[in-house]
Amino acid sequence: MPLPDSEHAAFLRALADIIGEKYVRTGADAAPYEQDWRARYRGVAVAVALPATTEDVAAVVRLCGEYRIAIVPQAGNTGLTGGAIVPDGVDGLIVNVSRLNNVHQVDLLNNAMTVGAGCILADLRALADQHDRQFPVLLGSVGSCEIGGLLSTNAGGTGVLRYGNMREQVLGLEVVLPDGRIWNGLKALRKDNTGYDLKQLFIGAEGTLGIVTAAVLKLYPKLAVSATAMVALQRVDQAIALLRELQRVTGGRVEQFELMSRSQLQIVLRHGTTGSPMADDAPWYVLLELADSSPDWNATETMEQALGAAMENGVITDAVIASDQAKAERIWNLRHTISESNKREGFTVSNDTSVPISALPEFLDRVTQRLEQLPKAQVAHCGHVGDGNVHVIAIFPYDIGDASAREAAAHEANTIVHLMVGTAQGRLCHPTMSIARDDLAFTFVVARIVQQCTDAAAHEKAGAAIANRIATTAALCRLDRFFLRQLRKREDLAPHRPRHFDLLGIGAHEQRDRQAGIAMLEHQHLAVIEPAQRDAHEIANAHIDRHAHAADGTMQDDALAMQFDAPDAAVGAGIMRFEAKR
């Protein structure tokens with residue numbers, strides 16, 4: 001239920017006492033924080049809080065516990081899937097960490113820097129460069145994305161092939177836990193065998209286990225030489241073959257290797273800020289860079305020899321090597337302006353997918369064929385190849401219809417991609433989606449472990465706060481009734497249905513009560529499987545029956561967000577498993 005006006009006002013006053021009235025945003029001042037970068041997802045927050053210190057964040061979290069307010073952590077808000085937006089029907093506070101932007105220390109002997117979660121990626125890359133080092137993470141949103149968000153989503157970027165995801169760049173973390181305690185794990189140790197590596201539990205957890213407030217990041221030697229090229233290919237398997245050969249002949253000096261479909265290149269050329277050094281007549285392109293910190297290595301000569309051999313062997317059909325840094329930057333602008341170009345092209349539905357590298361060619365071929373059958377869909381791809389991570393993109397004209405028509409088209413595209421990923425034994429890397437299925441049950445277990453490891457006498461209230469954030473995340477997931485209905489409606493997809501689905505309650509999106517939701521699922525040949533923790537499940541049912549139903553019989557989203565007075569109930573209410581009937 002919405003907060004009563006008196007409690008709402010009292011909450012805002014208490015919040016202002018903690019962080020200052022200037023940094024509590026409501027109404028029009030909160031609007032920029034209440035929608036995603038593409039302006040596709042919107043949700044009204046109780047307020048937006050902009051704390052300046054870790055202690056402020058901790059106090060805000062404790063206050064939310066007292067008022068039973070859900071928390072949505074937010075950093076640069078550059079995501080494309082609505083993961084930092086409050087869902088409809090939920091009393092949620094956006095806690096934006098942008099003011100936690102101090103650089104606490106640069107330790108050159110240890111090749112590390114300690115920074116706040118609000119530090120912008122471009123600023124940290126520039127700082128590393130000033131100290132003759134590099135921080136290798138690079139994304140198209142480099143000028144606005146922040147460390148807290150990159151860590152919470154385990155972001156990759158174009159340097160992931162050589163350096164790994166954000167998970168690989170972290171030595172230590174500082175985190176505010178769901179009960180308001182501060183876990184100080186800001187260690188700069190390269191080796192620490194004293195127990196569980198707790199920092200890894202928070203990286204990629206999307207704020208479900210706590211709010212990251214600071215981090216110790218690795219630095220690397222500054223690159224001294226590099227060579228950039230763009231090559232044309234006929235097939236995806238040729239790109240994989242080229243990568244493997246380059247890794248062999250260069251001794252692991254492949255710095256970046258990005259795949260791009262012809263359709264994606266054409267979109268960038270229509271809306272981007274730079275031209276292409278190659279004609280747009282090949283099915284696939286790869287943008288690549290070889291680099292090393294040793295000035296004695298001749299990157300350009302190695303690139304010429306390797307690409308020459310690849311052309312002779314029929315692996316590539318054409319290649320252009322940048323002759324200077326300006327031309328290299330023009331090539332990489334093709335990759336880094338993709339999101340902006342797609343936004344200008346039309347209503348964009350992007351799925352961040354990861355499949356085994358060996359399955360990548362068949363997966364892209366099949367998913368492209370499926371998506372191209374959708375009316376007015378333009379299909380494009382880009383990705384890292386070396387880790388099997390590819391963005392599968394469907395773009396529809398903005399005039400395809402009103403908002404509901406666009407969302408229906410998006411659901412149809414998402415359904416196809418989700419099922420194709422499943423058949424390829426892959427995963428969605430999507431924020432808000434990555435925690436919405438089988439991993440969610442494990443998340444509750446991890447939450448308890450975190451509590452026990454950080455404080456043997458952990459507060460019971462923490463469990464509810466964790467459930468609160470998970471439920472908020474789940475409510476944002478677009479695995480809703482449309483997705484489930486597609487499993488029934490699309491007979492051509494029937495052989496590829498995943499075996500299991502986890503549905504996190506039926507909320508205001510459904511406008512149905514729990515019994516009606518289960519009946520709907522069973523009608524679609526999905527049978528209810530009781531959660532393993534039956535006692536918690538029964539407690540949850542009683543809790544929902546007691547608190548969730550409005551006078552008209554519908555279940556409200558505050559039931560999804562749960563109540564802090566029944567933390568254990570969240571285990572059963574948050575997870576209801578359904579299995580396809582045989």
# chains A, B, ... in the order shown; residues from 1 in each chain; ligands from 1
>>> closest_atom_pairs(of="region 273-349 of chain A", to="region 406-412 of chain A", cutoff="12 Å", atoms="only C-alpha atoms", output="JSON lines")
{"residue": "A:Gly346", "atom": "CA", "partner": "A:Arg406", "partner_atom": "CA", "distance": 10.5}
{"residue": "A:Phe347", "atom": "CA", "partner": "A:Arg406", "partner_atom": "CA", "distance": 7.4}
{"residue": "A:Thr348", "atom": "CA", "partner": "A:Ala410", "partner_atom": "CA", "distance": 8.2}
{"residue": "A:Val349", "atom": "CA", "partner": "A:Ala410", "partner_atom": "CA", "distance": 5.9}
>>> write_last_selection(atoms="N, CA, C and O atoms", output="PDB file, in the first residue's frame")
ATOM      1  N   GLY A 346      15.294   3.911 -33.933  1.00  0.00           N
ATOM      2  CA  GLY A 346      13.947   3.468 -33.617  1.00  0.00           C
ATOM      3  C   GLY A 346      13.843   2.925 -32.211  1.00  0.00           C
ATOM      4  O   GLY A 346      14.757   3.066 -31.388  1.00  0.00           O
ATOM      5  N   PHE A 347      12.718   2.289 -31.937  1.00  0.00           N
ATOM      6  CA  PHE A 347      12.456   1.679 -30.634  1.00  0.00           C
ATOM      7  C   PHE A 347      13.321   0.427 -30.521  1.00  0.00           C
ATOM      8  O   PHE A 347      13.119  -0.548 -31.244  1.00  0.00           O
ATOM      9  N   THR A 348      14.279   0.462 -29.616  1.00  0.00           N
ATOM     10  CA  THR A 348      15.320  -0.563 -29.570  1.00  0.00           C
ATOM     11  C   THR A 348      15.068  -1.568 -28.466  1.00  0.00           C
ATOM     12  O   THR A 348      14.848  -1.208 -27.303  1.00  0.00           O
ATOM     13  N   VAL A 349      15.121  -2.838 -28.827  1.00  0.00           N
ATOM     14  CA  VAL A 349      15.012  -3.940 -27.877  1.00  0.00           C
ATOM     15  C   VAL A 349      16.340  -4.696 -27.928  1.00  0.00           C
ATOM     16  O   VAL A 349      16.643  -5.376 -28.898  1.00  0.00           O
TER      17      VAL A 349
END
>>> closest_atom_pairs(of="region 237-296 of chain A", to="region 316-324 of chain A", cutoff="10 Å", atoms="only C-alpha atoms", output="JSON lines")
{"residue": "A:Gln238", "atom": "CA", "partner": "A:Ile316", "partner_atom": "CA", "distance": 7.2}
{"residue": "A:Ala239", "atom": "CA", "partner": "A:Ile316", "partner_atom": "CA", "distance": 8.2}
{"residue": "A:Ala241", "atom": "CA", "partner": "A:Ile316", "partner_atom": "CA", "distance": 10.0}
{"residue": "A:Leu242", "atom": "CA", "partner": "A:Ile316", "partner_atom": "CA", "distance": 8.1}
{"residue": "A:Pro277", "atom": "CA", "partner": "A:Val320", "partner_atom": "CA", "distance": 7.0}
{"residue": "A:Met278", "atom": "CA", "partner": "A:Val320", "partner_atom": "CA", "distance": 7.3}
{"residue": "A:Ala279", "atom": "CA", "partner": "A:Asp318", "partner_atom": "CA", "distance": 9.8}
{"residue": "A:Ala282", "atom": "CA", "partner": "A:Thr317", "partner_atom": "CA", "distance": 8.4}
{"residue": "A:Trp284", "atom": "CA", "partner": "A:Ile316", "partner_atom": "CA", "distance": 9.8}
{"residue": "A:Tyr285", "atom": "CA", "partner": "A:Ile316", "partner_atom": "CA", "distance": 9.3}
{"residue": "A:Val286", "atom": "CA", "partner": "A:Ala319", "partner_atom": "CA", "distance": 9.4}
{"residue": "A:Leu287", "atom": "CA", "partner": "A:Val320", "partner_atom": "CA", "distance": 9.8}
{"residue": "A:Leu288", "atom": "CA", "partner": "A:Ile321", "partner_atom": "CA", "distance": 9.6}
{"residue": "A:Glu289", "atom": "CA", "partner": "A:Ile321", "partner_atom": "CA", "distance": 9.7}
>>> residues_around(residues="Gln266 (chain A)", least_positions_apart="5", cutoff="9 Å", atoms="only C-alpha atoms", output="list in words")
Ser261, His271 and Asp280 of chain A
>>> write_last_selection(atoms="N, CA, C and O atoms", output="PDB file, in the first residue's frame")
ATOM      1  N   SER A 261      27.492  -6.710 -37.041  1.00  0.00           N
ATOM      2  CA  SER A 261      26.783  -7.122 -38.250  1.00  0.00           C
ATOM      3  C   SER A 261      26.693  -5.955 -39.235  1.00  0.00           C
ATOM      4  O   SER A 261      26.826  -4.786 -38.856  1.00  0.00           O
ATOM      5  N   HIS A 271      23.470   7.390 -38.361  1.00  0.00           N
ATOM      6  CA  HIS A 271      23.228   8.265 -37.210  1.00  0.00           C
ATOM      7  C   HIS A 271      24.477   8.608 -36.411  1.00  0.00           C
ATOM      8  O   HIS A 271      24.423   9.465 -35.534  1.00  0.00           O
ATOM      9  N   ASP A 280      29.991  -1.003 -46.771  1.00  0.00           N
ATOM     10  CA  ASP A 280      29.090  -1.774 -45.918  1.00  0.00           C
ATOM     11  C   ASP A 280      28.437  -2.914 -46.702  1.00  0.00           C
ATOM     12  O   ASP A 280      27.224  -3.104 -46.659  1.00  0.00           O
TER      13      ASP A 280
END
>>> select_by_dssp(residues="region 118-239 of chain A", states="strand (DSSP E)", output="VMD selection string")
chain A and resid 133 to 134 170 to 176 182 to 185 211 to 218 220 to 221 225 to 233
>>> write_last_selection(atoms="N, CA and C atoms", output="mmCIF file, in the first residue's frame")
data_model
loop_
_atom_site.group_PDB
_atom_site.id
_atom_site.type_symbol
_atom_site.label_atom_id
_atom_site.label_comp_id
_atom_site.auth_asym_id
_atom_site.auth_seq_id
_atom_site.Cartn_x
_atom_site.Cartn_y
_atom_site.Cartn_z
ATOM 1 N N ARG A 133 49.648 4.704 -16.067
ATOM 2 C CA ARG A 133 48.986 3.416 -15.903
ATOM 3 C C ARG A 133 47.725 3.420 -16.772
ATOM 4 N N GLN A 134 47.065 2.290 -16.792
ATOM 5 C CA GLN A 134 45.766 2.249 -17.461
ATOM 6 C C GLN A 134 44.768 1.474 -16.614
ATOM 7 N N VAL A 170 38.820 -5.881 -9.378
ATOM 8 C CA VAL A 170 38.569 -5.439 -8.007
ATOM 9 C C VAL A 170 39.438 -6.182 -7.011
ATOM 10 N N LEU A 171 40.077 -5.423 -6.108
ATOM 11 C CA LEU A 171 40.819 -6.001 -4.994
ATOM 12 C C LEU A 171 40.019 -5.944 -3.700
ATOM 13 N N GLY A 172 39.198 -4.920 -3.550
ATOM 14 C CA GLY A 172 38.424 -4.783 -2.320
ATOM 15 C C GLY A 172 37.199 -3.918 -2.523
ATOM 16 N N LEU A 173 36.242 -4.056 -1.605
ATOM 17 C CA LEU A 173 34.998 -3.293 -1.674
ATOM 18 C C LEU A 173 34.607 -2.771 -0.299
ATOM 19 N N GLU A 174 33.842 -1.700 -0.325
ATOM 20 C CA GLU A 174 33.118 -1.218 0.849
ATOM 21 C C GLU A 174 31.644 -1.238 0.490
ATOM 22 N N VAL A 175 30.825 -1.820 1.376
ATOM 23 C CA VAL A 175 29.411 -2.033 1.058
ATOM 24 C C VAL A 175 28.549 -1.697 2.270
ATOM 25 N N VAL A 176 27.426 -1.028 2.021
ATOM 26 C CA VAL A 176 26.410 -0.852 3.049
ATOM 27 C C VAL A 176 25.423 -2.000 2.911
ATOM 28 N N ILE A 182 27.921 -1.205 7.814
ATOM 29 C CA ILE A 182 28.945 -0.991 6.784
ATOM 30 C C ILE A 182 29.939 -2.134 6.840
ATOM 31 N N TRP A 183 30.106 -2.819 5.710
ATOM 32 C CA TRP A 183 31.132 -3.853 5.613
ATOM 33 C C TRP A 183 32.350 -3.242 4.928
ATOM 34 N N ASN A 184 33.460 -3.154 5.664
ATOM 35 C CA ASN A 184 34.679 -2.565 5.126
ATOM 36 C C ASN A 184 35.604 -3.670 4.635
ATOM 37 N N GLY A 185 35.573 -3.879 3.333
ATOM 38 C CA GLY A 185 36.463 -4.857 2.712
ATOM 39 C C GLY A 185 37.417 -4.188 1.743
ATOM 40 N N ILE A 211 24.651 -2.020 -0.997
ATOM 41 C CA ILE A 211 24.994 -0.904 -1.879
ATOM 42 C C ILE A 211 26.503 -0.691 -1.838
ATOM 43 N N VAL A 212 27.164 -0.862 -2.975
ATOM 44 C CA VAL A 212 28.603 -0.631 -3.070
ATOM 45 C C VAL A 212 28.868 0.864 -2.948
ATOM 46 N N THR A 213 29.770 1.241 -2.039
ATOM 47 C CA THR A 213 30.081 2.664 -1.836
ATOM 48 C C THR A 213 31.510 3.034 -2.198
ATOM 49 N N ALA A 214 32.417 2.058 -2.245
ATOM 50 C CA ALA A 214 33.806 2.335 -2.615
ATOM 51 C C ALA A 214 34.464 1.044 -3.062
ATOM 52 N N ALA A 215 35.585 1.168 -3.772
ATOM 53 C CA ALA A 215 36.268 -0.020 -4.285
ATOM 54 C C ALA A 215 37.755 0.245 -4.441
ATOM 55 N N VAL A 216 38.529 -0.818 -4.302
ATOM 56 C CA VAL A 216 39.952 -0.796 -4.644
ATOM 57 C C VAL A 216 40.087 -1.474 -5.997
ATOM 58 N N LEU A 217 40.549 -0.734 -6.995
ATOM 59 C CA LEU A 217 40.614 -1.227 -8.365
ATOM 60 C C LEU A 217 42.050 -1.459 -8.799
ATOM 61 N N LYS A 218 42.242 -2.418 -9.674
ATOM 62 C CA LYS A 218 43.566 -2.723 -10.209
ATOM 63 C C LYS A 218 43.954 -1.728 -11.301
ATOM 64 N N TYR A 220 46.982 -1.205 -14.492
ATOM 65 C CA TYR A 220 47.854 -1.996 -15.360
ATOM 66 C C TYR A 220 48.886 -1.085 -16.024
ATOM 67 N N PRO A 221 49.985 -1.655 -16.505
ATOM 68 C CA PRO A 221 50.969 -0.840 -17.215
ATOM 69 C C PRO A 221 50.334 -0.137 -18.417
ATOM 70 N N VAL A 225 52.471 0.665 -27.395
ATOM 71 C CA VAL A 225 52.281 0.516 -28.841
ATOM 72 C C VAL A 225 50.954 -0.184 -29.099
ATOM 73 N N SER A 226 50.341 0.143 -30.225
ATOM 74 C CA SER A 226 49.085 -0.517 -30.589
ATOM 75 C C SER A 226 48.858 -0.398 -32.087
ATOM 76 N N ALA A 227 48.004 -1.252 -32.592
ATOM 77 C CA ALA A 227 47.573 -1.210 -33.989
ATOM 78 C C ALA A 227 46.109 -1.583 -34.040
ATOM 79 N N THR A 228 45.332 -0.796 -34.789
ATOM 80 C CA THR A 228 43.887 -1.009 -34.905
ATOM 81 C C THR A 228 43.536 -1.322 -36.351
ATOM 82 N N ALA A 229 42.590 -2.232 -36.530
ATOM 83 C CA ALA A 229 42.162 -2.605 -37.878
ATOM 84 C C ALA A 229 40.674 -2.891 -37.900
ATOM 85 N N MET A 230 40.112 -2.857 -39.098
ATOM 86 C CA MET A 230 38.732 -3.261 -39.341
ATOM 87 C C MET A 230 38.766 -4.267 -40.479
ATOM 88 N N VAL A 231 38.120 -5.407 -40.282
ATOM 89 C CA VAL A 231 38.146 -6.459 -41.299
ATOM 90 C C VAL A 231 36.733 -6.877 -41.646
ATOM 91 N N ALA A 232 36.562 -7.383 -42.853
ATOM 92 C CA ALA A 232 35.275 -7.863 -43.334
ATOM 93 C C ALA A 232 35.309 -9.385 -43.430
ATOM 94 N N LEU A 233 34.169 -10.016 -43.070
ATOM 95 C CA LEU A 233 34.073 -11.468 -43.088
ATOM 96 C C LEU A 233 32.708 -11.886 -43.620
#
>>> atom_distance(atom1="CA of Thr158 (chain A)", atom2="CA of Leu100 (chain A)")
25.8 Å
>>> residues_around(residues="Ala45 (chain A)", least_positions_apart="3", cutoff="6 Å", atoms="only C-alpha atoms", output="PyMOL selection string")
chain A and resi 86+92-93
>>> atom_distance(atom1="CA of Glu301 (chain A)", atom2="CA of Gly275 (chain A)")
25.2 Å
>>> closest_residue(among="A:Leu223, A:Leu15, A:Ala306, A:Val315", to="Asp56 (chain A)", atoms="only C-alpha atoms")
A:Leu15
>>> residues_around(residues="Leu138 (chain A)", least_positions_apart="2", cutoff="12 Å", atoms="only C-alpha atoms", output="ChimeraX atom specification")
/A:120-126,134-136,140-147,150,155-161,163-166,255-256,332,335-336
>>> closest_residue(among="A:Gly251, A:Gly204, A:Pro361, A:Gly426", to="Glu168 (chain A)", atoms="only C-alpha atoms")
A:Gly204
>>> closest_residue(among="A:Ile18, A:Val57, A:Leu360, A:Leu307", to="Thr423 (chain A)", atoms="only C-alpha atoms")
A:Leu360
